[in-house]
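Working notes, beginning with the structure itself.
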Amino acid sequence: MATYRLAAIGGDGVGPEVTAQTFKTLRSAGERFGFEIETTDYDLGGNAYLRTGEILPESVEEELGDHDAILLGAIGTPEVPPGVVERGLLLKLRFDFDQYVNLRPVKLFPGAPTPIKDLTPERCDLVVVRENTEGLYTGAGAVRDRETAFELATQESVNTRRGVERVVRYAFDQAVQRRGKLTLCHKTNVLTYAGDLWQRVVDEVAAEYPSVDVGYVHVDAMCLYLVTEPERFDVVVTDNLFGDIITDLGAAVQGGMGLAASGNLDPERRCPSMFEPVHGSAPDIAGRGWANPIAAVLSGAMCLDHLGEQEAASAIEQAAASVIPELGSMGGPDMGMSTDQIGDLIAKRLASS
Ligand code: IPM
Ligand code: MN
């Protein structure tokens with residue numbers, strides 16, 4: 001029987017609560033489909049940093065690297081200034097483990113409370129392939145004459161041919177397996193250097209995928225179409241920051257942050273991939289059972305898919321989706337079930353389906 005060794009980083013706020021539900025459902029899937037889940041817990045995040053003064057000790061990162069995959073809840077706490085744990089933990093893991101694809105499905109499940117009038121699941125099923133190791137996220141830039149009237153700050157977007165090409169290739173492969181449509185999302189009319197590189201790479205790679213229908217959309221128009229006509233899109237490939245922004249919008253369209261899953265992938269499998277809900281640590285609702293674990297559970301399903309357990313992954317997705325229409329809201333006091341009860345219900349349906 002296969003055993004998967006997973007590292008668990010619950011993190012801060014609602015992170016540990018939702019991650020616990022992910023493992024519940026992964027174990028239930030394992031019983032049904034015949035694999036075992038072995039977990040190691042890592043106490044990392046803003047609270048751990050406040051306690052220990054360390055964000056990610058080298059030895060811990062090395063241990064993480066020795067797992068089949070990493071499941072992350074959420075990190076960040078108001079007491080730690082912005083950027084410290086984000087850069088020091090989350091982005092560090094994405095970069096060091098070369099998880100160059102951030103795969104973020106935007107899928108409207110039946111019964112999910114989309115704010116878009118008359119939107120149906122048939123019209124909203126796309127994936128965003130977000131570049132995850134370059135762009136404006138590298139930290140390149142500088143500040144001069146800080147706190148003077150002459151202060152100057154720059155933040156540079158780094159785009160390498162290799163970095164762009166590998167994520168674009170991944171996106172084309174996805175398009176082949178899906179509905180055969182790929183859209184580059186950028187801002188080539190203004191970002192003429194980076195946008196030009198992206199467009200040329202897409203055009204070059206497209207020649208190798210004659211069956212894929214290739215399109216382009218400016219990121220501002222993307223925001224409009226994602227709301228008015230999400231059926232335009234199948235696979236959307238984009239840079240790091242645009243991907244970050246449009247997937248929050250995507251989360252809203254599909255019914256809220258409580259439903260949005262993601263995977264930080266190293267498609268070459270040299271390093272563990274890392275799966276996490278798109279939402280943050282939501283410290284305001286932590287510890288009350290108000291967090292919707294479905295985003296985390298669906299991220300767990302993406303993890304199984306990555307590990308080669310496609311059947312188990314789609315069974316989890318189905319079981320989780322079946323609960324959505326039964327919830328009063330997608331998070332908060334009106335959810336109608338607690339975080340834990342939702343996890344139990346998904347695990348139970350999975351076992352008996
Ligand atoms: C996300 C988050 C992160 C990002 C933050 C926490 C650094 O917003 O995963 O979307 O910007 O990538
Ligand atoms: Mn984000």
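Residue names in the structure tokens use chain letters A, B, ... in the order shown, residue numbers from 1 in each chain, and ligand numbers from 1 in the order shown.
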
Cut-off 9 Å, only C-alpha atoms and all ligand atoms, neighbours of ligand 1 as number ranges by chain: A: 74-76, 83, 85-87, 90-91, 102, 132, 137, 240-241, 243-245, 247-248, 262, 276-280

Non-local contacts of stretch 108-115 of chain A (10 Å; only C-alpha atoms; under 4 positions in same chain excluded) as a ChimeraX atom specification: /A:119-126,227,250-256,259-260,317-318,320-330

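Separating atom CA of A:Glu36 from atom CA of A:Leu6 is a distance of 10.3 Å.
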
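Here atom CA of A:Phe233 is placed at a distance of 23.7 Å from atom CA of A:Gln99.
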
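Using only C-alpha atoms and all ligand atoms, the shortest contact distance between ligand 2 and any of A:Lys348, A:Asp173, A:Arg130, A:Val164 is found at A:Arg130.
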
Residue set, stretch 98-257 of chain A restricted to alpha helix (DSSP H), as a ChimeraX atom specification: /A:161-177,192-206,219-228,240-253

Produce a file of the selected residues containing C-alpha atoms, as a PDB file, in the first residue's frame.
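Full text of out-v8.pdb as output:
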ATOM      1  CA  ARG A 161      12.829  33.462 -20.603  1.00  0.00           C
ATOM      2  CA  ARG A 162      13.346  30.175 -18.773  1.00  0.00           C
ATOM      3  CA  GLY A 163      10.927  31.163 -16.020  1.00  0.00           C
ATOM      4  CA  VAL A 164       8.232  32.294 -18.409  1.00  0.00           C
ATOM      5  CA  GLU A 165       8.674  29.407 -20.806  1.00  0.00           C
ATOM      6  CA  ARG A 166       8.330  26.661 -18.214  1.00  0.00           C
ATOM      7  CA  VAL A 167       5.095  28.022 -16.778  1.00  0.00           C
ATOM      8  CA  VAL A 168       3.703  28.680 -20.253  1.00  0.00           C
ATOM      9  CA  ARG A 169       4.491  25.082 -21.259  1.00  0.00           C
ATOM     10  CA  TYR A 170       2.706  23.826 -18.162  1.00  0.00           C
ATOM     11  CA  ALA A 171      -0.320  25.940 -19.092  1.00  0.00           C
ATOM     12  CA  PHE A 172      -0.390  24.544 -22.636  1.00  0.00           C
ATOM     13  CA  ASP A 173      -0.251  20.999 -21.248  1.00  0.00           C
ATOM     14  CA  GLN A 174      -3.216  21.840 -19.033  1.00  0.00           C
ATOM     15  CA  ALA A 175      -5.116  23.254 -21.994  1.00  0.00           C
ATOM     16  CA  VAL A 176      -4.601  20.023 -23.930  1.00  0.00           C
ATOM     17  CA  GLN A 177      -6.081  18.048 -21.043  1.00  0.00           C
ATOM     18  CA  THR A 192       6.218  46.597 -22.988  1.00  0.00           C
ATOM     19  CA  TYR A 193       9.382  44.755 -21.920  1.00  0.00           C
ATOM     20  CA  ALA A 194       7.920  42.046 -19.729  1.00  0.00           C
ATOM     21  CA  GLY A 195       4.707  41.789 -21.723  1.00  0.00           C
ATOM     22  CA  ASP A 196       6.627  41.425 -24.963  1.00  0.00           C
ATOM     23  CA  LEU A 197       8.678  38.562 -23.519  1.00  0.00           C
ATOM     24  CA  TRP A 198       5.529  36.781 -22.318  1.00  0.00           C
ATOM     25  CA  GLN A 199       3.747  37.261 -25.638  1.00  0.00           C
ATOM     26  CA  ARG A 200       6.696  36.016 -27.708  1.00  0.00           C
ATOM     27  CA  VAL A 201       7.154  32.967 -25.497  1.00  0.00           C
ATOM     28  CA  VAL A 202       3.445  32.141 -25.767  1.00  0.00           C
ATOM     29  CA  ASP A 203       3.593  32.512 -29.558  1.00  0.00           C
ATOM     30  CA  GLU A 204       6.676  30.298 -29.798  1.00  0.00           C
ATOM     31  CA  VAL A 205       5.312  27.546 -27.575  1.00  0.00           C
ATOM     32  CA  ALA A 206       1.926  27.753 -29.339  1.00  0.00           C
ATOM     33  CA  VAL A 219      -5.420  42.150 -17.046  1.00  0.00           C
ATOM     34  CA  ASP A 220      -7.887  45.014 -16.606  1.00  0.00           C
ATOM     35  CA  ALA A 221     -10.222  43.520 -19.191  1.00  0.00           C
ATOM     36  CA  MET A 222      -9.708  40.140 -17.524  1.00  0.00           C
ATOM     37  CA  CYS A 223     -11.291  41.556 -14.380  1.00  0.00           C
ATOM     38  CA  LEU A 224     -14.286  42.626 -16.394  1.00  0.00           C
ATOM     39  CA  TYR A 225     -14.719  39.368 -18.331  1.00  0.00           C
ATOM     40  CA  LEU A 226     -14.163  37.200 -15.276  1.00  0.00           C
ATOM     41  CA  VAL A 227     -17.315  38.752 -13.892  1.00  0.00           C
ATOM     42  CA  THR A 228     -19.407  39.132 -17.062  1.00  0.00           C
ATOM     43  CA  ASN A 240       2.845  36.384 -10.335  1.00  0.00           C
ATOM     44  CA  LEU A 241       1.101  39.593  -9.250  1.00  0.00           C
ATOM     45  CA  PHE A 242      -1.633  39.570 -11.899  1.00  0.00           C
ATOM     46  CA  GLY A 243      -2.302  35.962 -10.915  1.00  0.00           C
ATOM     47  CA  ASP A 244      -2.526  36.922  -7.264  1.00  0.00           C
ATOM     48  CA  ILE A 245      -5.059  39.650  -7.976  1.00  0.00           C
ATOM     49  CA  ILE A 246      -7.311  37.930 -10.498  1.00  0.00           C
ATOM     50  CA  THR A 247      -7.592  34.807  -8.350  1.00  0.00           C
ATOM     51  CA  ASP A 248      -9.078  36.781  -5.469  1.00  0.00           C
ATOM     52  CA  LEU A 249     -11.651  38.020  -7.948  1.00  0.00           C
ATOM     53  CA  GLY A 250     -12.046  34.451  -9.162  1.00  0.00           C
ATOM     54  CA  ALA A 251     -12.617  33.311  -5.586  1.00  0.00           C
ATOM     55  CA  ALA A 252     -15.413  35.847  -5.219  1.00  0.00           C
ATOM     56  CA  VAL A 253     -17.010  34.730  -8.493  1.00  0.00           C
TER      57      VAL A 253
END

Test item: residues at most 12 Å from A:Val143, only C-alpha atoms, excluding those fewer than 3 positions along its chain, as a list in words: Gly139, Ala140, Arg146, Glu147, Thr148, Phe150, Glu151, Leu152, Ala153, Thr154, Gln155 and Glu156 of chain A

Interatomic distance (Å, one decimal) between atom CA of A:His218 and atom CA of A:Val235: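 That distance, rounded to one decimal, is 14.8 Å.
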
Residue among A:Met257, A:Leu304, A:Cys271, A:Ala315 lying closest to ligand 2, counting only C-alpha atoms and all ligand atoms: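 Result for the nearest residue to ligand 2: A:Met257.
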
Pick from A:Ala261, A:Val84, A:Thr22, A:Glu17 nearest to ligand 2, counting only C-alpha atoms and all ligand atoms: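 Checking each of A:Ala261, A:Val84, A:Thr22, A:Glu17 against ligand 2, counting only C-alpha atoms and all ligand atoms, the winner is A:Ala261.
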
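When only C-alpha atoms are used to compute distances to A:Leu64, the closest of the residues A:Phe275, A:Tyr216, A:Tyr42, A:Tyr209 turns out to be A:Tyr42.
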
Residues near A:Ala282, cut-off 9 Å, only C-alpha atoms, skip fewer than 6 positions along chain, as an NGL selection string: :A and (12-15 or 74 or 76-77 or 291)

Pick from A:Gly135, A:Gly141, A:Arg104, A:Leu191, whichever lies nearest to ligand 2 using only C-alpha atoms and all ligand atoms: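 Closest to ligand 2, using only C-alpha atoms and all ligand atoms: A:Arg104.
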
Who sits within 9 Å of A:Ala312, only C-alpha atoms, same chain under 4 positions skipped, as a PyMOL selection string: chain A and resi 26+29-30+32-33+301+304-305+316-317

Sel. of strand (DSSP E or B) residues, stretch 39-250 of chain A, as a VMD selection string: chain A and resid 39 to 41 69 to 74 101 to 107 125 to 131 135 141 to 144 152 to 155 158 181 to 186 213 to 218 235 to 238
